[in-house]
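One structure below.
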Amino acid sequence: MDFKFTQEQDKFRQEVREFLGEELRQGKWQPSCDAWIQGYSPEFTKKVARKGWIGLTWPREYGGQGRSHIDRLIYTEEMLRYGAPAACHWFADRQIGGAILRYGTEEQKKEILPRIIRGEAYVGLGMSEPEAGSDLASVKTRAAETDDSYVLDGQKMWTSCGMFMNYLYLVARTDPEAPKHRGLSEFIIETDLPGITITPTIDITGSTAWAEVFFDGVRVPRKSLIGEKNRGFYQIVNQLDFERAGLERLMGNYPLFDAIIRYARETDWNGLPLCKDTLVRHKLAQLQVEFEVGWLLTYRVASVMDDGRAPNVEAAMAKAYSTSFEQHLASAAMDILGLYGQLVATSKWTPMLGMAPHSYFGSKGYSLQAGTSEILRNILATRGLGLPAAG
Amino acid sequence: MNFTLSEEQEMLKKMARDFLVEKCPKTVVRELEDDERGYSPQLWQEMAGLGWMGLAIPEKYGGGGMSFLDLAILLEEMGRACLPGPFFSTVLLGGLPIADIGTEEQKQEYLPKISAGEAIFTLALTEPSGRYDAASMAVRAAADGDDYIVNGTKLFVSDAHIADYLLCVARSSGRPKPEDGITIFIVDAKSPGISCTVLKTIARDKLCEVVFDRVRVPGKNILGQPGRGWSEVRRIMERAATAKCCDMVGAIQQVLDMTVDYAKERKQFDRPIGSFQVIQHYCANMATDVDGSRFAAYRAAWRLSEGVPCAKEAAVAKAWLSEACERVLALAHQIHGAIGVTMDHDLQFYTRRAKAAAATFGNADFHQETVAQEMGL
Ligand SMILES: Cc1cc2nc3c(=O)[nH]c(=O)nc-3n(C[C@H](O)[C@H](O)[C@H](O)COP(=O)(O)OP(=O)(O)OC[C@H]3O[C@@H](n4cnc5c(N)ncnc54)[C@H](O)[C@@H]3O)c2cc1C
């Protein structure tokens with residue numbers, strides 16, 4: 001075992017920090033929670049692209065850097081630490097690029113990957129539907145093949161980046177007769193096609209980062225198909241591992257962690273800083289302990305990927321663990337703020353820009369999105385520990 | 001011992017539930033959350049007509065002369081329905097304290113108005129420290145002839161923007177101990193020098209900042225004994241914490257009912273999600289929390305009804321409920337999946353309100369400390 005980063009990695013981290021620190025100094029954005037999924041800034045994404053950090057692990061022949069997954073984790077860790085508005089490129093960089101690399105045609109690789117790398121292709125994730133949540137194989141959205149195209153009819157929900165994306169990744173049924181796992185295919189399409197309607201979903205925090213997407217006779221070219229027709233369900237498994245593999249599950253609310261620690265240091269309570277109060281102190285220390293463990297579990301995932309293995313079980317473990325850390329963080333922050341935790345938006349009384357209640361309510365969704373904690377524990381128990389699946 | 005309600009109490013409960021199902025569906029809750037006043041005067045009058053505001057106020061002051069336990073039942077149903085508005089402020093934080101320690105003259109002046117739905121009251125207790133302890137009371141009341149002049153800022157005052165009267169807790173004399181020298185005043189909310197700002201909150205209830213700038217209050221408006229107000233504040237807190245628990249019991253019972261129904265209906269992998277053992281265990285844990293909460297809350301309410309000491313029981317109830325609510329809602333969300341975290345769904349009303357309720361009148365940490373003291377620690 002060796003828990004040390006290489007000198008180049010330390011240097012790389014420093015480089016990312018300097019870039020983000022400079023952005024902050026120039027007031028380009030404000031660190032915020034969930035910025036990886038809710039912070040839309042094409043301008044920022046293009047800057048990150050110019051640094052060469054999008055598609056860091058992809059082969060050089062498609063414009064990537066051929067770097068390791070640990071390197072990528074270092075870069076994403078800093079993005080999250082600074083609460084940077086990275087949503088435009090996050091999904092494509094994390095999973096869709098990989099799916100295209102693995103299953104896409106040469107034409108798709110040459111067309112789409114460079115656009116992602118240049119920070120121009122913003123891809124939303126269209127998997128879930130009203131009746132297909134955990135049971136993704138129940139997808140009903142239909143993709144009927146014609147001579148020169150597929151025709152889409154149906155509905156997606158919880159499509160990330162709903163209102164901002166220019167590309168949509170989706171799973172649709174191409175063979176309604178086959179058993180449900182064997183009739184699905186993956187597509188990547190542009191979102192400005194006739195017949196697509198996108199309506200935002202307002203979530204419990206008031207955010208409109210997700211959307212419902214309706215398809216009414218939408219004609220998409222045949223070249224939108226990713227990989228093999230009717231093999232979508234088998235292809236997607238690998239992508240879902242990537243979706244769960246990152247530090248966003250642990251550090252999506254790092255700005256809150258930072259802010260509550262500062263609050264405890266700077267708030268006076270009976271003549272002493274609040275952080276000297278035993279209860280507050282222990283709550284924060286406990287969070288730090290949990291954070292460190294989550295950090296190790298997630299770097300382990302990256303090392304598994306660098307070994308060339310699919311991090312199926314490891315990513316499931318890290319994601320389920322980390323989303324409960326995020327829930328503990330938000331709860332502890334709310335407890336520490338007491339009555340002030342109730343204040344949202346910005347009044348002169350609202351502490352920390354209302355980050356704590358935002359995270360508290362937002363965190364209800366963390367253990368649902370990208371595989372519910374129950375499904376992840378099923379994966380861990382059956383595939384990881386070899387326990388028999390429930391009948 | 002008896003863990004069930006009497007026949008009359010069951011009737012009260014049913015009547016309240018039927019009324020609220022009809023008059024306060026979630027469409028109304030949604031409207032009232034958006035409404036600047038935060039309540040519906042018409043619904044308020046109907047509730048007064050049913051005798052709700054005066055339920056636990058003696059008959060000779062226009063009330064129904066029923067017990068705190070009966071009031072608890074009403075509160076549970078209000079929690080179940082997520083009823084917005086100043087009922088809690090008016091009755092628990094205004095009416096009952098006056099009925100408890102007001103002078104005969106004060107009772108005759110204020111209680112009939114409260115019973116008739118003609119006056120809205122609230123309590124201006126907490127200050128920018130955000131704490132419920134005597135040391136935090138910094139708003140000052142300085143004697144000026146027969147009057148007092150009140151100065152300072154109160155924060156997190158519920159419904160102050162629509163209140164006719166505020167019970168203001170102020171420091172009226174020096175302080176050998178923080179508990180000494182505290183006096184409660186009944187302040188006319190229209191007095192010159194009072195300004196009120198509504199704060200935006202998670203529960204979209206109306207918590208306010210209230211600034212007192214040289215507000216003149218007649219000496220006859222002192223509630224209870226001058227300088228000895230803190231012991232009454234503690235009783236108000238006990239009552240309010242218990243009442244809040246009863247309200248929360250209604251909320252989490254409804255959340256459990258909704259969740260079990262959903263677990264039976266929602267199918268994934270070709271079967272109801274309620275057939276997965278993990279979901280069954282979640283539901284079982286929720287049911288245990290709900291029953292535990294119910295009895296903890298009602299035991300405290302019963303002791304208040306009986307007039308026996310209740311400091312420990314109220315603290316046990318609120319310490320338990322503040323955390324139990326959070327557990328119940330976390331599981332409810334987990335079982336509901338993504339649909340439950342949309343604003344269109346009813347669950348979010350309960351989640352937001354429960355979090356606010358957990359912090360109000362002492363969170364779990366606060367009441368655990370009381371329990372520790374009651375244990376002689
Ligand atoms: C904030 C947020 C963002 C999202 N973003 C996206 C997105 O970008 N793109 C997208 O396509 N989707 C997205 N989703 C949807 C997400 O993928 C689904 O919520 C998730 O798959 C669960 O589906 P469901 O919500 O329908 O719950 P259900 O599948 O109905 O599950 C309900 C409950 O039953 C449990 N359950 C189900 N099956 C089993 C089983 N076999 N064993 C034990 N328990 C089980 C679940 O764990 C859960 O507790 C998002 C969701 C949220 C909340």
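Note on naming: chains are A, B, ... as they come in the structure tokens, residues start from 1 per chain, ligands start from 1 in the order shown.
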- Extract, using only C-alpha atoms, all DNA, RNA and protein residues at most 10 Å from range 276-291 of chain B, discarding same-chain residues fewer than 6 positions from it, and format them as an NGL selection string. (:A and (374 or 390-391)) or (:B and (248-257 or 259-260 or 263 or 297 or 320-321 or 323-325 or 327-332 or 334-335))
- Item | Residues of range 257-293 of chain B in strand (DSSP E), written as a PyMOL selection string | chain B and resi 267-268+271-272
Kindly provide the residues of chain A that approach ligand 1 to within 7 Å, each paired with its closest atom pair and their distance in Å to one decimal, based on only C-alpha atoms and all ligand atoms, listed by chain and increasing number, as a Markdown table.
```
| residue | atom | partner | partner_atom_place_in_ligand_line | distance |
| --- | --- | --- | --- | --- |
| A:Gly124 | CA | ligand 1 | 8 (O) | 6.6 |
| A:Leu125 | CA | ligand 1 | 9 (N) | 4.5 |
| A:Gly126 | CA | ligand 1 | 11 (O) | 4.3 |
| A:Met127 | CA | ligand 1 | 11 (O) | 3.3 |
| A:Ser128 | CA | ligand 1 | 11 (O) | 3.8 |
| A:Pro130 | CA | ligand 1 | 26 (O) | 6.6 |
| A:Glu131 | CA | ligand 1 | 26 (O) | 6.7 |
| A:Ala132 | CA | ligand 1 | 26 (O) | 6.0 |
| A:Gly133 | CA | ligand 1 | 23 (O) | 3.1 |
| A:Ser134 | CA | ligand 1 | 29 (O) | 3.6 |
| A:Asp135 | CA | ligand 1 | 29 (O) | 6.0 |
| A:Met157 | CA | ligand 1 | 11 (O) | 6.5 |
| A:Trp158 | CA | ligand 1 | 13 (C) | 4.4 |
| A:Thr159 | CA | ligand 1 | 9 (N) | 4.3 |
| A:Ser160 | CA | ligand 1 | 8 (O) | 3.6 |
| A:Trp210 | CA | ligand 1 | 5 (N) | 6.7 |
| A:Gly365 | CA | ligand 1 | 53 (C) | 4.0 |
| A:Tyr366 | CA | ligand 1 | 1 (C) | 6.1 |
| A:Leu368 | CA | ligand 1 | 19 (O) | 5.0 |
| A:Gln369 | CA | ligand 1 | 51 (C) | 4.0 |
| A:Ala370 | CA | ligand 1 | 17 (O) | 4.9 |
| A:Gly371 | CA | ligand 1 | 21 (O) | 5.2 |
| A:Thr372 | CA | ligand 1 | 47 (O) | 4.7 |
| A:Ser373 | CA | ligand 1 | 47 (O) | 6.1 |
| A:Glu374 | CA | ligand 1 | 47 (O) | 4.3 |
| A:Ile375 | CA | ligand 1 | 47 (O) | 5.4 |
| A:Asn378 | CA | ligand 1 | 42 (N) | 6.8 |
```
Within 12 Å of Leu385 in chain A using only C-alpha atoms, minus same-chain residues under 6 positions, as a PDB file with N, CA and C atoms, in the first residue's frame:
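So selection31.pdb came out as:
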```
ATOM      1  N   VAL A 313     -18.609  -3.023  -7.620  1.00  0.00           N
ATOM      2  CA  VAL A 313     -18.904  -3.131  -6.188  1.00  0.00           C
ATOM      3  C   VAL A 313     -18.305  -1.956  -5.417  1.00  0.00           C
ATOM      4  N   GLU A 314     -17.086  -1.590  -5.776  1.00  0.00           N
ATOM      5  CA  GLU A 314     -16.403  -0.520  -5.046  1.00  0.00           C
ATOM      6  C   GLU A 314     -17.125   0.813  -5.202  1.00  0.00           C
ATOM      7  N   MET A 317     -20.301   0.812  -3.133  1.00  0.00           N
ATOM      8  CA  MET A 317     -19.997   1.018  -1.713  1.00  0.00           C
ATOM      9  C   MET A 317     -19.707   2.494  -1.438  1.00  0.00           C
ATOM     10  N   ARG A 377     -26.673  -1.337  -2.121  1.00  0.00           N
ATOM     11  CA  ARG A 377     -26.339  -2.345  -1.103  1.00  0.00           C
ATOM     12  C   ARG A 377     -26.663  -3.754  -1.617  1.00  0.00           C
ATOM     13  N   ASN A 378     -27.697  -3.841  -2.447  1.00  0.00           N
ATOM     14  CA  ASN A 378     -27.966  -5.149  -3.071  1.00  0.00           C
ATOM     15  C   ASN A 378     -26.770  -5.570  -3.931  1.00  0.00           C
ATOM     16  N   ILE A 379     -26.235  -4.610  -4.679  1.00  0.00           N
ATOM     17  CA  ILE A 379     -25.076  -4.913  -5.538  1.00  0.00           C
ATOM     18  C   ILE A 379     -23.895  -5.352  -4.673  1.00  0.00           C
TER      19      ILE A 379
END
```
- Near Asn221 in chain B, within 10 Å and counting only C-alpha atoms, which residues show up once chain neighbours fewer than 4 positions away are dropped, as a list in words?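 Those residues are Gly102, Thr103, Gln106, Asp147, Tyr148, Leu167, Ile184, Phe185, Ile186, Val187, Asp188 and Val217 of chain B.
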- Task: Show me which bits of chain B are within 9 Å of chain A, counting only C-alpha atoms, as a ChimeraX atom specification.
- Result: /B:128-131,156,199-203,266-270,276,278-279,330,333-334,337-344,348,351-352,355-356,359-360,362-365
Filtering to N, CA and C atoms, could you give me those residues as a CSV table (one decimal), in the first residue's frame?
```csv
chain,number,residue,atom,x,y,z
B,128,PRO,N,-31.5,37.5,18.8
B,128,PRO,CA,-30.5,37.1,17.8
B,128,PRO,C,-29.5,36.0,18.3
B,129,SER,N,-29.4,35.7,19.6
B,129,SER,CA,-28.6,34.6,20.0
B,129,SER,C,-29.2,33.3,19.5
B,130,GLY,N,-30.5,33.3,19.2
B,130,GLY,CA,-31.2,32.1,18.7
B,130,GLY,C,-31.4,31.0,19.8
B,131,ARG,N,-31.2,31.4,21.1
B,131,ARG,CA,-31.2,30.4,22.2
B,131,ARG,C,-32.4,30.6,23.1
B,156,PHE,N,-37.2,35.4,15.2
B,156,PHE,CA,-38.0,34.1,15.1
B,156,PHE,C,-39.3,34.2,15.8
B,199,LEU,N,-39.4,36.9,7.8
B,199,LEU,CA,-38.2,36.2,7.3
B,199,LEU,C,-38.6,35.1,6.4
B,200,LYS,N,-37.8,34.8,5.4
B,200,LYS,CA,-38.1,33.6,4.5
B,200,LYS,C,-37.6,32.4,5.2
B,201,THR,N,-38.5,31.4,5.4
B,201,THR,CA,-38.1,30.2,6.1
B,201,THR,C,-38.4,28.9,5.3
B,202,ILE,N,-37.7,27.9,5.8
B,202,ILE,CA,-37.9,26.6,5.2
B,202,ILE,C,-39.4,26.1,5.2
B,203,ALA,N,-40.1,26.4,6.3
B,203,ALA,CA,-41.4,25.9,6.4
B,203,ALA,C,-42.4,26.9,5.8
B,266,ARG,N,-46.6,1.2,-5.5
B,266,ARG,CA,-45.5,1.4,-6.5
B,266,ARG,C,-44.8,0.0,-6.8
B,267,LYS,N,-44.8,-0.2,-8.1
B,267,LYS,CA,-44.2,-1.5,-8.6
B,267,LYS,C,-42.9,-1.2,-9.3
B,268,GLN,N,-41.8,-1.9,-8.9
B,268,GLN,CA,-40.6,-2.0,-9.7
B,268,GLN,C,-40.2,-3.5,-9.7
B,269,PHE,N,-39.5,-3.9,-10.7
B,269,PHE,CA,-39.2,-5.3,-10.9
B,269,PHE,C,-40.4,-6.2,-10.8
B,270,ASP,N,-41.5,-5.7,-11.3
B,270,ASP,CA,-42.8,-6.4,-11.4
B,270,ASP,C,-43.4,-6.8,-10.0
B,276,PHE,N,-40.2,-5.8,-0.8
B,276,PHE,CA,-38.8,-6.0,-0.5
B,276,PHE,C,-38.5,-5.8,1.0
B,278,VAL,N,-36.1,-4.8,2.8
B,278,VAL,CA,-35.6,-3.6,3.3
B,278,VAL,C,-36.6,-2.5,3.4
B,279,ILE,N,-37.6,-2.5,2.5
B,279,ILE,CA,-38.7,-1.5,2.6
B,279,ILE,C,-39.6,-1.9,3.8
B,330,ALA,N,-36.8,10.8,6.7
B,330,ALA,CA,-35.7,10.3,5.9
B,330,ALA,C,-36.1,9.0,5.2
B,333,HIS,N,-38.8,9.5,2.5
B,333,HIS,CA,-38.2,9.9,1.3
B,333,HIS,C,-37.5,8.8,0.5
B,334,GLN,N,-36.8,8.0,1.3
B,334,GLN,CA,-36.1,6.9,0.7
B,334,GLN,C,-37.1,5.9,0.0
B,337,GLY,N,-38.8,7.4,-3.2
B,337,GLY,CA,-38.0,7.6,-4.4
B,337,GLY,C,-38.1,9.1,-4.9
B,338,ALA,N,-37.7,9.3,-6.1
B,338,ALA,CA,-37.5,10.6,-6.6
B,338,ALA,C,-38.8,11.5,-6.6
B,339,ILE,N,-39.9,10.8,-6.8
B,339,ILE,CA,-41.2,11.6,-6.9
B,339,ILE,C,-41.4,12.4,-5.6
B,340,GLY,N,-40.9,11.9,-4.5
B,340,GLY,CA,-41.1,12.5,-3.2
B,340,GLY,C,-40.3,13.8,-3.0
B,341,VAL,N,-39.3,14.0,-3.8
B,341,VAL,CA,-38.5,15.2,-3.6
B,341,VAL,C,-38.9,16.3,-4.6
B,342,THR,N,-40.1,16.2,-5.2
B,342,THR,CA,-40.6,17.3,-6.0
B,342,THR,C,-41.5,18.2,-5.2
B,343,MET,N,-41.6,19.4,-5.7
B,343,MET,CA,-42.5,20.4,-5.0
B,343,MET,C,-44.0,20.0,-5.3
B,344,ASP,N,-44.2,19.2,-6.3
B,344,ASP,CA,-45.6,18.8,-6.6
B,344,ASP,C,-46.1,17.8,-5.7
B,348,GLN,N,-43.1,16.8,0.7
B,348,GLN,CA,-42.2,18.0,1.0
B,348,GLN,C,-42.8,18.9,2.0
B,351,THR,N,-41.7,17.4,5.3
B,351,THR,CA,-40.3,17.4,5.5
B,351,THR,C,-39.8,18.8,5.9
B,352,ARG,N,-40.4,19.8,5.3
B,352,ARG,CA,-40.0,21.2,5.6
B,352,ARG,C,-40.5,21.6,7.0
B,355,LYS,N,-38.7,19.7,9.9
B,355,LYS,CA,-37.3,20.3,10.2
B,355,LYS,C,-37.5,21.5,11.0
B,356,ALA,N,-38.4,22.4,10.7
B,356,ALA,CA,-38.6,23.6,11.5
B,356,ALA,C,-39.1,23.2,12.9
B,359,ALA,N,-36.4,22.2,15.4
B,359,ALA,CA,-35.6,23.3,15.9
B,359,ALA,C,-36.3,24.2,16.9
B,360,THR,N,-37.7,24.2,16.8
B,360,THR,CA,-38.4,25.2,17.6
B,360,THR,C,-38.7,24.7,19.0
B,362,GLY,N,-36.7,24.4,21.4
B,362,GLY,CA,-35.6,23.5,21.9
B,362,GLY,C,-35.5,22.3,21.0
B,363,ASN,N,-34.3,22.1,20.4
B,363,ASN,CA,-34.0,21.0,19.6
B,363,ASN,C,-33.6,19.8,20.5
B,364,ALA,N,-33.2,18.7,19.9
B,364,ALA,CA,-32.9,17.5,20.7
B,364,ALA,C,-31.8,17.8,21.7
B,365,ASP,N,-30.8,18.5,21.3
B,365,ASP,CA,-29.6,18.8,22.2
B,365,ASP,C,-30.1,19.5,23.4
```
- Task: Please identify all polymer residues within 8 Å of Met352 in chain A, counting only C-alpha atoms, omitting same-chain residues fewer than 6 positions from it, and present them as a PyMOL selection string.
- Result: chain A and resi 256+259-260
- Query: Do you know which residues are at most 8 Å from Val21 in chain B counting only C-alpha atoms, after dropping those on the same chain fewer than 4 positions away, and could you put them as a ChimeraX atom specification?
  - Reply: /B:17,25,81
- Show which residues sit within 6 Å of Leu168 in chain A, as a PyMOL selection string. Count only C-alpha atoms, and ignore same-chain residues fewer than 3 positions away. chain A and resi 123-124+188-189
Write the residues of the selection above to a file with N, CA, C and O atoms, as an mmCIF file, in the first residue's frame.
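Generated output (out.cif):
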```
data_model
loop_
_atom_site.group_PDB
_atom_site.id
_atom_site.type_symbol
_atom_site.label_atom_id
_atom_site.label_comp_id
_atom_site.auth_asym_id
_atom_site.auth_seq_id
_atom_site.Cartn_x
_atom_site.Cartn_y
_atom_site.Cartn_z
ATOM 1 N N VAL A 123 -24.258 17.337 -22.164
ATOM 2 C CA VAL A 123 -25.107 16.169 -22.339
ATOM 3 C C VAL A 123 -25.935 15.899 -21.086
ATOM 4 O O VAL A 123 -25.389 15.763 -19.992
ATOM 5 N N GLY A 124 -27.244 15.828 -21.240
ATOM 6 C CA GLY A 124 -28.129 15.447 -20.137
ATOM 7 C C GLY A 124 -28.319 13.947 -20.129
ATOM 8 O O GLY A 124 -28.133 13.278 -21.151
ATOM 9 N N ILE A 188 -27.512 8.847 -28.488
ATOM 10 C CA ILE A 188 -27.148 10.227 -28.147
ATOM 11 C C ILE A 188 -27.701 11.113 -29.250
ATOM 12 O O ILE A 188 -27.459 10.877 -30.430
ATOM 13 N N ILE A 189 -28.516 12.098 -28.820
ATOM 14 C CA ILE A 189 -29.216 12.916 -29.818
ATOM 15 C C ILE A 189 -29.040 14.396 -29.483
ATOM 16 O O ILE A 189 -28.653 14.750 -28.369
#
```
- Message: Let me make sure I understand: among B:Gln368, B:Thr197, B:Ser115, B:Thr153, which one has the smallest atom-to-atom distance to Ser136 in chain B if we use only C-alpha atoms?
- Response: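 Nearest to Ser136 in chain B: B:Thr153.
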- Task: Mind the document's chain letters and residue numbers, and return as a VMD selection string the residues of range 287-380 of chain A that DSSP labels helix (DSSP H, G or I).
- Result: chain A and resid 287 to 306 312 to 342 351 to 366 373 to 380
- Message: As an exercise, work out the distance from CA of Pro194 in chain A to CA of Lys223 in chain A in Å and give it to one decimal place.
- Response: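 Going from CA of Pro194 in chain A over to CA of Lys223 in chain A covers 17.4 Å.
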- So, counting only C-alpha atoms, which residue among B:Arg235, B:Lys318, B:Arg294, B:Lys177 is closest to Ile101 in chain B?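 Nearest to Ile101 in chain B: B:Arg235.
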- Item | Å distance separating CA of Gly294 in chain A from CA of Leu250 in chain A, one decimal place |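 CA of Leu250 in chain A lies at a distance of 6.7 Å from CA of Gly294 in chain A.
Taking CA of Gly224 in chain B and CA of Tyr110 in chain B as endpoints, the distance between them is 14.6 Å.
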- Query: Looking at B:Lys26, B:Lys154, B:Arg239, B:Arg37, which one is nearest to Val139 in chain B, with distances taken over only C-alpha atoms?
  - Reply: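 With only C-alpha atoms as the atom set, the closest residue is B:Lys154.
If you measure from each of B:Ala143, B:Val91, B:Met137, B:Leu71 to Cys246 in chain B using only C-alpha atoms, the closest one turns out to be B:Leu71.
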